[in-house]
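Worksheet: one structure, shown below.
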Amino acid sequence: MIKFLLMVNKQGQTRLSKYYEHVDIGKRAALEADVVKGCLFRKKEECSFVEYKDYKLVYRQYAALFIVVGITDNENELSIYELVHNFVEVLDKYFSRVSELDIMFNLDKVHIILDEMILNGHVVETNKNRILAPLLALDKMAEG
């Protein structure tokens with residue numbers, strides 16, 4: 001099961017966080033700081049899977065952004081690694097080459113995309129067209 005997903009820049013600033021289990025607000029900051037430290041300072045040659053407390057962390061770097069997913073021990077790391085890539089491809093398709101600014105200024109749309117892909121910590125959709133359909137419908141309604 002997916003416990004959380006973080007999108008963090010190289011400076012360690014969290015740009016997006018989505019939790020699929022309750023974590024107190026005070027503990028989130030500490031968790032995010034530890035997770036960011038654990039992933040950002042790793043060398044490119046090192047594995048993208050890290051064991052951290054009760055979680056396994058799966059992370060990928062795209063330009064200046066890191067996407068980190070905290071999962072349980074029984075979750076498949078490679079499928080989550082592929083899910084992260086699929087998420088970025090969907091963002092690229094919607095925003096035409098997504099950037100950190102697209103994430104910051106369209107956080108609601110990024111959450112819609114993420115909610116179409118993951119429900120209660122489980123992957124429910126991977127088809128890019130199906131993921132984008134509700135968002136494109138909202139955009140069409142906003143135009144008209």
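Identifiers for the structure tokens are assigned positionally: chains receive A, B, ... in sequence, residues are indexed from 1 per chain, and ligands are indexed from 1 in the order shown.
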Checklist entry - Leaving out Thr72 of chain A and any residue of its chain fewer than 5 positions from it, which residues lie within 12 Å of it when counting only C-alpha atoms, given as JSON, numbers by chain? => result {"A": [1, 2, 3, 4, 20, 21, 50, 51, 52, 53, 54, 55, 56, 57, 58, 77, 80, 121, 122]}
Next on the checklist: If we count only C-alpha atoms and set the cut-off at 9 Å, which residues sit around Phe66 of chain A, ignoring sequence neighbours fewer than 2 positions away in its own chain? Please answer as number ranges by chain.
Outcome noted: A: 6-10, 36, 39-40, 59-64, 68
Next on the checklist: To test your reading of the structure, identify every residue in segment 47-143 of chain A that backbone DSSP assigns to helix (DSSP H, G or I), and report it as JSON, numbers by chain.
Outcome noted: {"A": [77, 78, 79, 80, 81, 82, 83, 84, 85, 86, 87, 88, 89, 90, 91, 92, 93, 94, 95, 100, 101, 102, 103, 104, 105, 107, 108, 109, 110, 111, 112, 113, 114, 115, 116, 117, 128, 129, 130, 131, 132, 133, 134, 135, 136, 137, 138, 139, 140, 141, 142, 143]}
Checklist entry - Running DSSP on the backbone, which parts of chain A land in strand (DSSP E or B), as a VMD selection string? => result chain A and resid 2 to 9 14 to 19 49 to 52 55 to 62 65 to 71 118 to 119 122 to 123
Item to check | Distance query segment 131-136 of chain A at most 7 Å, only C-alpha atoms, self and fewer than 4 positions along chain excluded, as a list in words | outcome: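 Result of the neighbour search: Ile113, Glu116, Met117, Glu125, Asn127 and Lys140 of chain A.
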Keeping N, CA, C and O atoms, export the residues of the selection given above as a PDB file, in the first residue's frame.
ATOM      1  N   ILE A 113      -5.217  14.746 -10.962  1.00  0.00           N
ATOM      2  CA  ILE A 113      -4.514  13.685 -11.692  1.00  0.00           C
ATOM      3  C   ILE A 113      -4.104  12.577 -10.729  1.00  0.00           C
ATOM      4  O   ILE A 113      -4.321  11.388 -10.997  1.00  0.00           O
ATOM      5  N   GLU A 116      -6.995  10.479  -9.586  1.00  0.00           N
ATOM      6  CA  GLU A 116      -7.468   9.546 -10.616  1.00  0.00           C
ATOM      7  C   GLU A 116      -6.601   8.298 -10.674  1.00  0.00           C
ATOM      8  O   GLU A 116      -7.063   7.234 -11.050  1.00  0.00           O
ATOM      9  N   MET A 117      -5.336   8.431 -10.290  1.00  0.00           N
ATOM     10  CA  MET A 117      -4.399   7.315 -10.365  1.00  0.00           C
ATOM     11  C   MET A 117      -4.374   6.464  -9.100  1.00  0.00           C
ATOM     12  O   MET A 117      -4.245   5.244  -9.183  1.00  0.00           O
ATOM     13  N   GLU A 125      -5.747   3.396 -11.615  1.00  0.00           N
ATOM     14  CA  GLU A 125      -5.767   3.697 -13.047  1.00  0.00           C
ATOM     15  C   GLU A 125      -4.375   4.059 -13.526  1.00  0.00           C
ATOM     16  O   GLU A 125      -3.651   4.796 -12.856  1.00  0.00           O
ATOM     17  N   ASN A 127      -4.031   4.238 -17.310  1.00  0.00           N
ATOM     18  CA  ASN A 127      -4.256   4.696 -18.680  1.00  0.00           C
ATOM     19  C   ASN A 127      -4.269   6.222 -18.714  1.00  0.00           C
ATOM     20  O   ASN A 127      -5.111   6.856 -18.068  1.00  0.00           O
ATOM     21  N   LYS A 140     -12.929  22.023 -20.360  1.00  0.00           N
ATOM     22  CA  LYS A 140     -13.906  22.334 -21.422  1.00  0.00           C
ATOM     23  C   LYS A 140     -15.099  23.106 -20.844  1.00  0.00           C
ATOM     24  O   LYS A 140     -15.591  24.045 -21.458  1.00  0.00           O
TER      25      LYS A 140
END
Next on the checklist: Which residue is closest to Phe95 of chain A? Choose from A:Lys37, A:Lys43, A:Lys109, A:Lys18 and count only C-alpha atoms.
Outcome noted: A:Lys109
Checklist entry - Which residue out of A:Asn106, A:Asp92, A:Leu31, A:Gly12 has the minimum interatomic distance to Gly70 of chain A when only C-alpha atoms are used? => result A:Leu31
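Between atom CA of Phe87 of chain A and atom CA of Leu65 of chain A the interatomic distance comes to 13.0 Å.
When only C-alpha atoms are used to measure the gap to Leu5 of chain A, the shortest distance among A:Ile118, A:Lys128, A:Gly38, A:Asn74 belongs to A:Ile118.
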